[in-house]
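Enquirer: The structure under discussion is supplied below as structure tokens; questions concerning it will follow.
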Amino acid sequence: MAASTQAQTLREQRFARTIDREVAPLWHDRFARLILRHLPRGSDAFTLDVHCGPGRSTYELLDRLGEGSRVLALEPDAALRHVAKSRMRPEWKSRVYLKDGALTDVVGMAADTYDLVSANLVLGEVQNFGESLREILRVTKPGGHILATLPLAGTWAEVEDLFREVLRSASQRDAARRLRHLSRLRLNSHDIARSVAGLGVGPHHFVVEQERTSLLFASGREFLFSPVIEHGPLRAWKAILGAHAKPQELFWKLKEAIDTYYADNVFSVSVVLGLLHIRVPERGSAAAHGAAETAGEYWRRFPELDALFQRAERADGEEDIDIDLDLDMDADADADEDVAAAEPEPPPTASSSSMRMSAEDEAIFALLDQPTGTNDDNAELDALLDQVLEFAKPQDEIEELDDALLEEVFPEDKPKRPGETLKRIKSLLPPPPVIPPPPPTRRGRGRGSKG
């Protein structure tokens, strides 16, 4: 295996482990819980799990559905599929099939195939929400369920508001406009409902749920270097900067803005979780009645809301009253924003131009702009780390690591014990960046001091 291939494999394994251990518990699992609430427990459903990732949601599907259920899990990333495979129980071998595939592969699938389609955090990243949902509807059997989650409008609002101000103060009007457009690409519940209705699905056949939560960070630096942000929205925020000469300076200013506005509190970032639950209508008039019963069962769990929104269906024939609760709270703000964008921005003031990045911040924020290419000088280090990962990967037939396995992994011509390999790895690792200590603060003389 070539050194570049080894390094690429190593990076993919690191990425998969980071997604599974650090990103998914804070991000993917929160959205997946919305899907798990509505699973038909105990049913022997043939399920399609689109973009299963490290298999956390696939595991829950197999654990909660009936013993006769089967799951086809699609995931384009080989390293994530490997993690998902290691998570599956041995007794599920005949019930789960992990396949190299993505949402685009649904186009080639036969119609009316699956009883349940689970798409966790898939539809929020597509260019055409309606067309993607149309294909998912096509492959779902009449009477089947579609459970899809996505982040809705309002997610990352606090960060993007601050970042927009940072871009404006740096005279980056185009980047600020692109950031504003990015935030508007996130759908709200009304957008989803209109798209579903445009596909011919009646109002009694689907429900859109919305739940607001938050992610907490101790500081701006912790936020920017969190794996949830690094492997999530940070990629899009970098992309909107275009060919900016020093993007790390803009992110440092964003960090300073976060620490200034939230100096005495934790940094709370809004996340709006959305769930689309569709019960694909049966063919014929009896099917519509069954779907209406399904929607009725859902709303009966919330009697106050059911009484508010279903007054037109009361038996006493009482006339319903139209209540318009859809207020456009951002209309004035958007108008002010457009006016401000049209006006020339004042030059930076002396106080803002006097801000300077400390040596510590320069060393740390330079990491945001580091290239991710392969370094041929680290071929030996990558090979050793790859060997350690191969040694530590799950073994289906072995539960404990014995001496025979150690001899197999470390033959005579290589170190015989992991400790020697780790010593060699440490000797090859580059030294950490030297961060100068902060300058000492001058203290005034005390009341009782002499001289």
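Chain labels follow the order of the structure tokens: the first chain is A, the next B, and so on; residue numbering restarts at 1 in every chain, and ligands are counted from 1 in their shown order.
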Need the shell around region 275-277 of chain A: protein/DNA/RNA residues with any atom at most 6 Å away, counting only C-alpha atoms. Skip same-chain ones fewer than 3 positions apart. Format as an MDAnalysis selection string?
Expert: chainID A and resid 146:149 206:209
Enquirer: Can you tell me, as a PDB file with C-alpha atoms, in the first residue's frame, which residues in region 83-226 of chain A count as strand (DSSP E) by DSSP?
Expert:
```pdb
ATOM      1  CA  VAL A  96     -29.384  -5.843   7.995  1.00  0.00           C
ATOM      2  CA  TYR A  97     -27.513  -5.063   4.787  1.00  0.00           C
ATOM      3  CA  LEU A  98     -25.001  -2.206   4.666  1.00  0.00           C
ATOM      4  CA  LYS A  99     -24.617  -0.900   1.134  1.00  0.00           C
ATOM      5  CA  TYR A 114     -40.309  -0.184   1.633  1.00  0.00           C
ATOM      6  CA  ASP A 115     -42.680  -0.117   4.581  1.00  0.00           C
ATOM      7  CA  LEU A 116     -40.592   2.530   6.328  1.00  0.00           C
ATOM      8  CA  VAL A 117     -38.015   5.066   5.115  1.00  0.00           C
ATOM      9  CA  SER A 118     -35.783   6.758   7.694  1.00  0.00           C
ATOM     10  CA  ALA A 119     -33.798   9.801   6.558  1.00  0.00           C
ATOM     11  CA  ASN A 120     -31.994  11.407   9.482  1.00  0.00           C
ATOM     12  CA  THR A 140     -42.508   3.760  -0.057  1.00  0.00           C
ATOM     13  CA  LYS A 141     -45.450   1.370  -0.062  1.00  0.00           C
ATOM     14  CA  PRO A 142     -49.000   2.721   0.293  1.00  0.00           C
ATOM     15  CA  GLY A 143     -49.720   2.777   3.996  1.00  0.00           C
ATOM     16  CA  GLY A 144     -46.005   3.000   4.794  1.00  0.00           C
ATOM     17  CA  HIS A 145     -44.238   5.660   6.823  1.00  0.00           C
ATOM     18  CA  ILE A 146     -41.599   8.264   5.963  1.00  0.00           C
ATOM     19  CA  LEU A 147     -39.671   9.768   8.874  1.00  0.00           C
ATOM     20  CA  ALA A 148     -37.233  12.515   7.883  1.00  0.00           C
ATOM     21  CA  THR A 149     -35.408  15.049  10.071  1.00  0.00           C
ATOM     22  CA  LEU A 150     -33.575  18.256   9.209  1.00  0.00           C
ATOM     23  CA  PRO A 151     -32.430  21.467  10.953  1.00  0.00           C
ATOM     24  CA  PHE A 206     -48.496  14.220   7.216  1.00  0.00           C
ATOM     25  CA  VAL A 207     -47.351  16.049  10.323  1.00  0.00           C
ATOM     26  CA  VAL A 208     -44.429  18.470  10.715  1.00  0.00           C
ATOM     27  CA  GLU A 209     -42.950  18.599  14.216  1.00  0.00           C
ATOM     28  CA  GLN A 210     -40.619  21.293  15.471  1.00  0.00           C
ATOM     29  CA  GLU A 211     -38.533  21.249  18.617  1.00  0.00           C
ATOM     30  CA  ARG A 212     -36.089  23.875  19.825  1.00  0.00           C
ATOM     31  CA  THR A 213     -32.948  22.994  21.719  1.00  0.00           C
ATOM     32  CA  SER A 214     -29.480  24.478  22.152  1.00  0.00           C
ATOM     33  CA  LEU A 215     -25.789  23.656  22.236  1.00  0.00           C
ATOM     34  CA  LEU A 216     -23.696  25.181  25.014  1.00  0.00           C
ATOM     35  CA  PHE A 217     -20.073  26.294  24.713  1.00  0.00           C
TER      36      PHE A 217
END
```
Enquirer: Looking at A:Pro203, A:Pro90, A:Gly66, A:Pro54, which one is nearest to Ala78 (chain A), with distances taken over only C-alpha atoms?
Expert: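 Of A:Pro203, A:Pro90, A:Gly66, A:Pro54, the one nearest Ala78 (chain A) is A:Pro54, counting only C-alpha atoms.
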Enquirer: Counting only C-alpha atoms, what is within 9 Å of Gly42 (chain A), bar same-chain residues fewer than 6 positions away, as a ChimeraX atom specification?
Expert: /A:64-69
Enquirer: For Pro76 (chain A), please output as a ChimeraX atom specification all residues within 6 Å (counting only C-alpha atoms; exclusion window: fewer than 3 positions along the same chain).
Expert: /A:100-102
Enquirer: Hey, what's within 10 Å of Leu241 (chain A) if we count only C-alpha atoms and toss same-chain stuff fewer than 4 positions away? As an mmCIF file with N, CA and C atoms, in the first residue's frame, please?
Expert:
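New file part_36.cif:
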```
data_model
loop_
_atom_site.group_PDB
_atom_site.id
_atom_site.type_symbol
_atom_site.label_atom_id
_atom_site.label_comp_id
_atom_site.auth_asym_id
_atom_site.auth_seq_id
_atom_site.Cartn_x
_atom_site.Cartn_y
_atom_site.Cartn_z
ATOM 1 N N LEU A 167 -18.326 40.423 9.324
ATOM 2 C CA LEU A 167 -18.059 40.582 7.895
ATOM 3 C C LEU A 167 -18.328 42.015 7.440
ATOM 4 N N GLN A 172 -16.665 43.170 4.069
ATOM 5 C CA GLN A 172 -16.894 41.977 3.255
ATOM 6 C C GLN A 172 -18.401 41.867 2.967
ATOM 7 N N ASP A 174 -20.041 41.127 0.150
ATOM 8 C CA ASP A 174 -20.461 39.949 -0.611
ATOM 9 C C ASP A 174 -20.561 38.721 0.286
ATOM 10 N N ALA A 175 -19.584 38.555 1.169
ATOM 11 C CA ALA A 175 -19.623 37.420 2.080
ATOM 12 C C ALA A 175 -20.801 37.532 3.040
ATOM 13 N N ALA A 176 -21.081 38.749 3.509
ATOM 14 C CA ALA A 176 -22.235 38.937 4.389
ATOM 15 C C ALA A 176 -23.540 38.615 3.675
ATOM 16 N N ARG A 178 -23.848 36.476 1.159
ATOM 17 C CA ARG A 178 -23.905 35.023 0.996
ATOM 18 C C ARG A 178 -24.285 34.333 2.299
ATOM 19 N N LEU A 179 -23.803 34.856 3.414
ATOM 20 C CA LEU A 179 -24.169 34.281 4.704
ATOM 21 C C LEU A 179 -25.659 34.446 4.977
ATOM 22 N N ALA A 236 -19.383 25.449 5.574
ATOM 23 C CA ALA A 236 -20.158 26.398 4.778
ATOM 24 C C ALA A 236 -19.727 27.832 5.065
ATOM 25 N N TRP A 237 -19.405 28.131 6.315
ATOM 26 C CA TRP A 237 -18.975 29.492 6.649
ATOM 27 C C TRP A 237 -17.636 29.811 5.995
ATOM 28 N N ALA A 245 -8.052 36.689 1.820
ATOM 29 C CA ALA A 245 -6.630 36.445 2.033
ATOM 30 C C ALA A 245 -6.350 35.802 3.393
ATOM 31 N N LYS A 246 -7.018 36.270 4.438
ATOM 32 C CA LYS A 246 -6.729 35.785 5.785
ATOM 33 C C LYS A 246 -8.033 35.434 6.496
ATOM 34 N N PRO A 247 -8.607 34.273 6.169
ATOM 35 C CA PRO A 247 -9.876 33.913 6.823
ATOM 36 C C PRO A 247 -9.733 33.693 8.318
ATOM 37 N N LEU A 250 -10.766 36.657 10.352
ATOM 38 C CA LEU A 250 -12.209 36.854 10.486
ATOM 39 C C LEU A 250 -12.791 35.918 11.541
#
```
Enquirer: Return the single residue from A:Asp20, A:Asp44, A:Glu165, A:Glu282 that is closest to Arg95 (chain A), with distances computed using only C-alpha atoms.
Expert: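 Closest to Arg95 (chain A), using only C-alpha atoms: A:Asp44.
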Enquirer: Quick one: pull the distance between CA of Glu91 (chain A) and CA of Leu48 (chain A), Å, one decimal.
Expert: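 Computed distance, CA of Glu91 (chain A) to CA of Leu48 (chain A), equals 19.3 Å.
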Enquirer: Report, in Å with one decimal, the straight-line distance from CA of Arg186 (chain A) to CA of Ala243 (chain A).
Expert: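 CA of Ala243 (chain A) lies 24.6 Å from CA of Arg186 (chain A).
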Enquirer: Between A:Arg81, A:Arg70, A:Arg21, A:Arg134, which has the minimum distance to Ser94 (chain A) (counting only C-alpha atoms)?
Expert: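 Ranking A:Arg81, A:Arg70, A:Arg21, A:Arg134 by distance to Ser94 (chain A), first place goes to A:Arg70.
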Enquirer: I'd like the interatomic distance between CA of Glu75 (chain A) and CA of Gly274 (chain A), to a tenth of an Å.
Expert: 21.9 Å
Enquirer: Mind listing the helix (DSSP H, G or I) residues of region 86-328 of chain A, per DSSP on the backbone, as a VMD selection string?
Expert: chain A and resid 86 to 87 90 to 92 103 to 108 123 to 125 129 to 139 157 to 169 173 to 184 189 to 198 203 to 205 220 to 224 227 to 230 233 to 239 247 to 261 285 to 299 303 to 309 311 to 313
Enquirer: For Lys253 (chain A), please output as number ranges by chain all residues within 9 Å (counting only C-alpha atoms; exclusion window: fewer than 3 positions along the same chain).
Expert: A: 163, 166, 248-250, 256-258, 357
